[in-house]
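In what follows, a single structure is set out as structure tokens and then discussed.
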Amino acid sequence: MVCRSRYIDDPTLSAAERDARRQVARLRGFYSHLMVFVLVNAGLLTINLIASPGRFWFFWPALGWGIGLALHAIATFNRGR
């Protein structure tokens, strides 16, 4: 596996290019987190509907994880403001 920081911290790049690459890495990390959040919670919803359709519990893990995802979004999109 290639070390990503080598491409971000390349000394031949200008400061603006390094900042842009860091922001792209942050965005990729956030969108990966979002994709996993959606897929896992869709799976939990499916399990909930099959196993205990009268009692909805899937939203508790989604709520907790959603708070973490919201904090990740704030950290990612609030840079430079």
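Identifiers in this document derive from the order of the structure tokens: chains are assigned A, B, ..., residues are numbered from 1 separately in each chain, and ligands are numbered from 1 in order of occurrence.
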*Excluding Ile8 of chain A and any residue of its chain fewer than 3 positions from it, enumerate the residues within 9 Å of it, using only C-alpha atoms, and give them as a PyMOL selection string.*
chain A and resi 4-5+11+13+17-22+25
Write to file, as a PDB file, in the first residue's frame, the residues of the selection just made, with N, CA and C atoms.
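For reference, result36.pdb as written:
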ATOM      1  N   ARG A   4      -0.314   7.631   1.668  1.00  0.00           N
ATOM      2  CA  ARG A   4      -0.970   8.813   1.108  1.00  0.00           C
ATOM      3  C   ARG A   4      -0.293  10.103   1.528  1.00  0.00           C
ATOM      4  N   SER A   5       0.272  10.131   2.736  1.00  0.00           N
ATOM      5  CA  SER A   5       0.880  11.365   3.215  1.00  0.00           C
ATOM      6  C   SER A   5       2.059  11.782   2.340  1.00  0.00           C
ATOM      7  N   PRO A  11       7.348  17.909  -0.745  1.00  0.00           N
ATOM      8  CA  PRO A  11       7.980  19.229  -0.599  1.00  0.00           C
ATOM      9  C   PRO A  11       8.064  20.025  -1.903  1.00  0.00           C
ATOM     10  N   LEU A  13       5.558  20.590  -3.814  1.00  0.00           N
ATOM     11  CA  LEU A  13       4.275  21.247  -4.031  1.00  0.00           C
ATOM     12  C   LEU A  13       4.237  22.601  -3.324  1.00  0.00           C
ATOM     13  N   GLU A  17      -1.236  23.917  -2.990  1.00  0.00           N
ATOM     14  CA  GLU A  17      -1.467  22.557  -3.493  1.00  0.00           C
ATOM     15  C   GLU A  17      -1.527  21.547  -2.348  1.00  0.00           C
ATOM     16  N   ARG A  18      -0.641  21.710  -1.355  1.00  0.00           N
ATOM     17  CA  ARG A  18      -0.677  20.807  -0.196  1.00  0.00           C
ATOM     18  C   ARG A  18      -1.985  20.957   0.569  1.00  0.00           C
ATOM     19  N   ASP A  19      -2.440  22.195   0.752  1.00  0.00           N
ATOM     20  CA  ASP A  19      -3.714  22.426   1.438  1.00  0.00           C
ATOM     21  C   ASP A  19      -4.876  21.821   0.659  1.00  0.00           C
ATOM     22  N   ALA A  20      -4.837  21.965  -0.657  1.00  0.00           N
ATOM     23  CA  ALA A  20      -5.900  21.405  -1.489  1.00  0.00           C
ATOM     24  C   ALA A  20      -5.916  19.882  -1.386  1.00  0.00           C
ATOM     25  N   ARG A  21      -4.745  19.262  -1.407  1.00  0.00           N
ATOM     26  CA  ARG A  21      -4.680  17.800  -1.286  1.00  0.00           C
ATOM     27  C   ARG A  21      -5.156  17.336   0.084  1.00  0.00           C
ATOM     28  N   ARG A  22      -4.817  18.086   1.132  1.00  0.00           N
ATOM     29  CA  ARG A  22      -5.304  17.723   2.467  1.00  0.00           C
ATOM     30  C   ARG A  22      -6.823  17.819   2.530  1.00  0.00           C
ATOM     31  N   ALA A  25      -8.361  14.901   0.813  1.00  0.00           N
ATOM     32  CA  ALA A  25      -8.257  13.714   1.673  1.00  0.00           C
ATOM     33  C   ALA A  25      -9.328  13.762   2.765  1.00  0.00           C
TER      34      ALA A  25
END
*Would you list the contacts of Ser32 of chain A as a PyMOL selection string, taking every protein, DNA or RNA residue within 12 Å and counting only C-alpha atoms, but skipping same-chain residues closer than 6 positions in sequence?*
chain A and resi 25-26+38-39+69+72-73
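Of note, atom CA of Ala62 of chain A and atom CA of Phe37 of chain A are spaced 8.0 Å apart.
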*From a DSSP calculation on the backbone, collect every residue of segment 34-81 of chain A in helix (DSSP H, G or I) and output the set as a PyMOL selection string.*
chain A and resi 34-51+59-77
Could the residues in this selection be written to a file with N, CA and C atoms, as a CSV table (one decimal), in the first residue's frame?
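The result, stored in result-v1.csv:
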chain,number,residue,atom,x,y,z
A,34,LEU,N,-19.7,8.5,5.4
A,34,LEU,CA,-21.1,8.7,5.1
A,34,LEU,C,-21.7,7.4,4.4
A,35,MET,N,-20.9,6.9,3.5
A,35,MET,CA,-21.3,5.7,2.7
A,35,MET,C,-21.5,4.5,3.7
A,36,VAL,N,-20.5,4.3,4.5
A,36,VAL,CA,-20.6,3.2,5.5
A,36,VAL,C,-21.8,3.4,6.4
A,37,PHE,N,-22.0,4.6,6.9
A,37,PHE,CA,-23.1,4.9,7.8
A,37,PHE,C,-24.5,4.5,7.1
A,38,VAL,N,-24.6,4.9,5.9
A,38,VAL,CA,-25.9,4.6,5.1
A,38,VAL,C,-26.1,3.1,5.0
A,39,LEU,N,-25.0,2.4,4.5
A,39,LEU,CA,-25.1,1.0,4.3
A,39,LEU,C,-25.4,0.2,5.5
A,40,VAL,N,-24.6,0.5,6.6
A,40,VAL,CA,-24.8,-0.2,7.8
A,40,VAL,C,-26.2,0.0,8.4
A,41,ASN,N,-26.6,1.3,8.4
A,41,ASN,CA,-27.9,1.6,9.0
A,41,ASN,C,-29.1,1.0,8.1
A,42,ALA,N,-28.9,0.9,6.8
A,42,ALA,CA,-29.9,0.3,6.0
A,42,ALA,C,-30.0,-1.2,6.4
A,43,GLY,N,-28.8,-1.8,6.6
A,43,GLY,CA,-28.8,-3.2,7.1
A,43,GLY,C,-29.4,-3.4,8.4
A,44,LEU,N,-29.2,-2.5,9.3
A,44,LEU,CA,-29.8,-2.6,10.7
A,44,LEU,C,-31.3,-2.4,10.6
A,45,LEU,N,-31.7,-1.5,9.7
A,45,LEU,CA,-33.2,-1.3,9.5
A,45,LEU,C,-33.8,-2.6,8.9
A,46,THR,N,-33.1,-3.2,8.0
A,46,THR,CA,-33.6,-4.5,7.4
A,46,THR,C,-33.7,-5.6,8.5
A,47,ILE,N,-32.7,-5.7,9.3
A,47,ILE,CA,-32.7,-6.7,10.4
A,47,ILE,C,-33.8,-6.4,11.4
A,48,ASN,N,-34.0,-5.1,11.7
A,48,ASN,CA,-35.0,-4.7,12.6
A,48,ASN,C,-36.4,-5.1,12.1
A,49,LEU,N,-36.6,-4.8,10.8
A,49,LEU,CA,-38.0,-5.1,10.3
A,49,LEU,C,-38.2,-6.6,10.1
A,50,ILE,N,-37.2,-7.4,10.0
A,50,ILE,CA,-37.4,-8.8,9.9
A,50,ILE,C,-37.5,-9.5,11.3
A,51,ALA,N,-36.6,-9.1,12.2
A,51,ALA,CA,-36.6,-9.7,13.5
A,51,ALA,C,-37.6,-9.2,14.4
A,59,PHE,N,-33.0,3.0,15.2
A,59,PHE,CA,-32.7,4.4,15.2
A,59,PHE,C,-31.8,4.8,16.3
A,60,TRP,N,-31.7,4.0,17.3
A,60,TRP,CA,-30.7,4.3,18.4
A,60,TRP,C,-29.3,4.3,18.0
A,61,PRO,N,-28.8,3.2,17.3
A,61,PRO,CA,-27.5,3.2,16.8
A,61,PRO,C,-27.3,4.3,15.7
A,62,ALA,N,-28.3,4.5,14.9
A,62,ALA,CA,-28.2,5.5,13.9
A,62,ALA,C,-28.1,6.9,14.5
A,63,LEU,N,-28.8,7.2,15.6
A,63,LEU,CA,-28.7,8.5,16.2
A,63,LEU,C,-27.3,8.7,16.8
A,64,GLY,N,-26.8,7.7,17.5
A,64,GLY,CA,-25.5,7.9,18.1
A,64,GLY,C,-24.4,8.1,17.0
A,65,TRP,N,-24.5,7.2,16.0
A,65,TRP,CA,-23.5,7.3,14.9
A,65,TRP,C,-23.7,8.6,14.1
A,66,GLY,N,-25.0,9.0,14.0
A,66,GLY,CA,-25.3,10.2,13.3
A,66,GLY,C,-24.7,11.5,13.9
A,67,ILE,N,-24.6,11.5,15.3
A,67,ILE,CA,-24.0,12.6,16.0
A,67,ILE,C,-22.5,12.6,15.6
A,68,GLY,N,-21.9,11.4,15.6
A,68,GLY,CA,-20.4,11.4,15.2
A,68,GLY,C,-20.2,11.8,13.8
A,69,LEU,N,-21.1,11.4,12.9
A,69,LEU,CA,-21.0,11.8,11.5
A,69,LEU,C,-21.2,13.3,11.4
A,70,ALA,N,-22.1,13.9,12.1
A,70,ALA,CA,-22.4,15.3,12.1
A,70,ALA,C,-21.1,16.1,12.5
A,71,LEU,N,-20.4,15.6,13.6
A,71,LEU,CA,-19.2,16.2,14.0
A,71,LEU,C,-18.1,16.1,13.0
A,72,HIS,N,-18.1,15.0,12.3
A,72,HIS,CA,-17.1,14.8,11.2
A,72,HIS,C,-17.4,15.8,10.1
A,73,ALA,N,-18.7,16.0,9.8
A,73,ALA,CA,-19.0,16.9,8.7
A,73,ALA,C,-18.6,18.3,9.1
A,74,ILE,N,-18.9,18.7,10.3
A,74,ILE,CA,-18.5,20.0,10.8
A,74,ILE,C,-17.0,20.2,10.7
A,75,ALA,N,-16.2,19.2,11.1
A,75,ALA,CA,-14.8,19.3,11.0
A,75,ALA,C,-14.3,19.4,9.6
A,76,THR,N,-15.0,18.7,8.7
A,76,THR,CA,-14.6,18.6,7.3
A,76,THR,C,-14.9,19.9,6.5
A,77,PHE,N,-16.2,20.3,6.7
A,77,PHE,CA,-16.7,21.4,5.9
A,77,PHE,C,-16.5,22.8,6.5
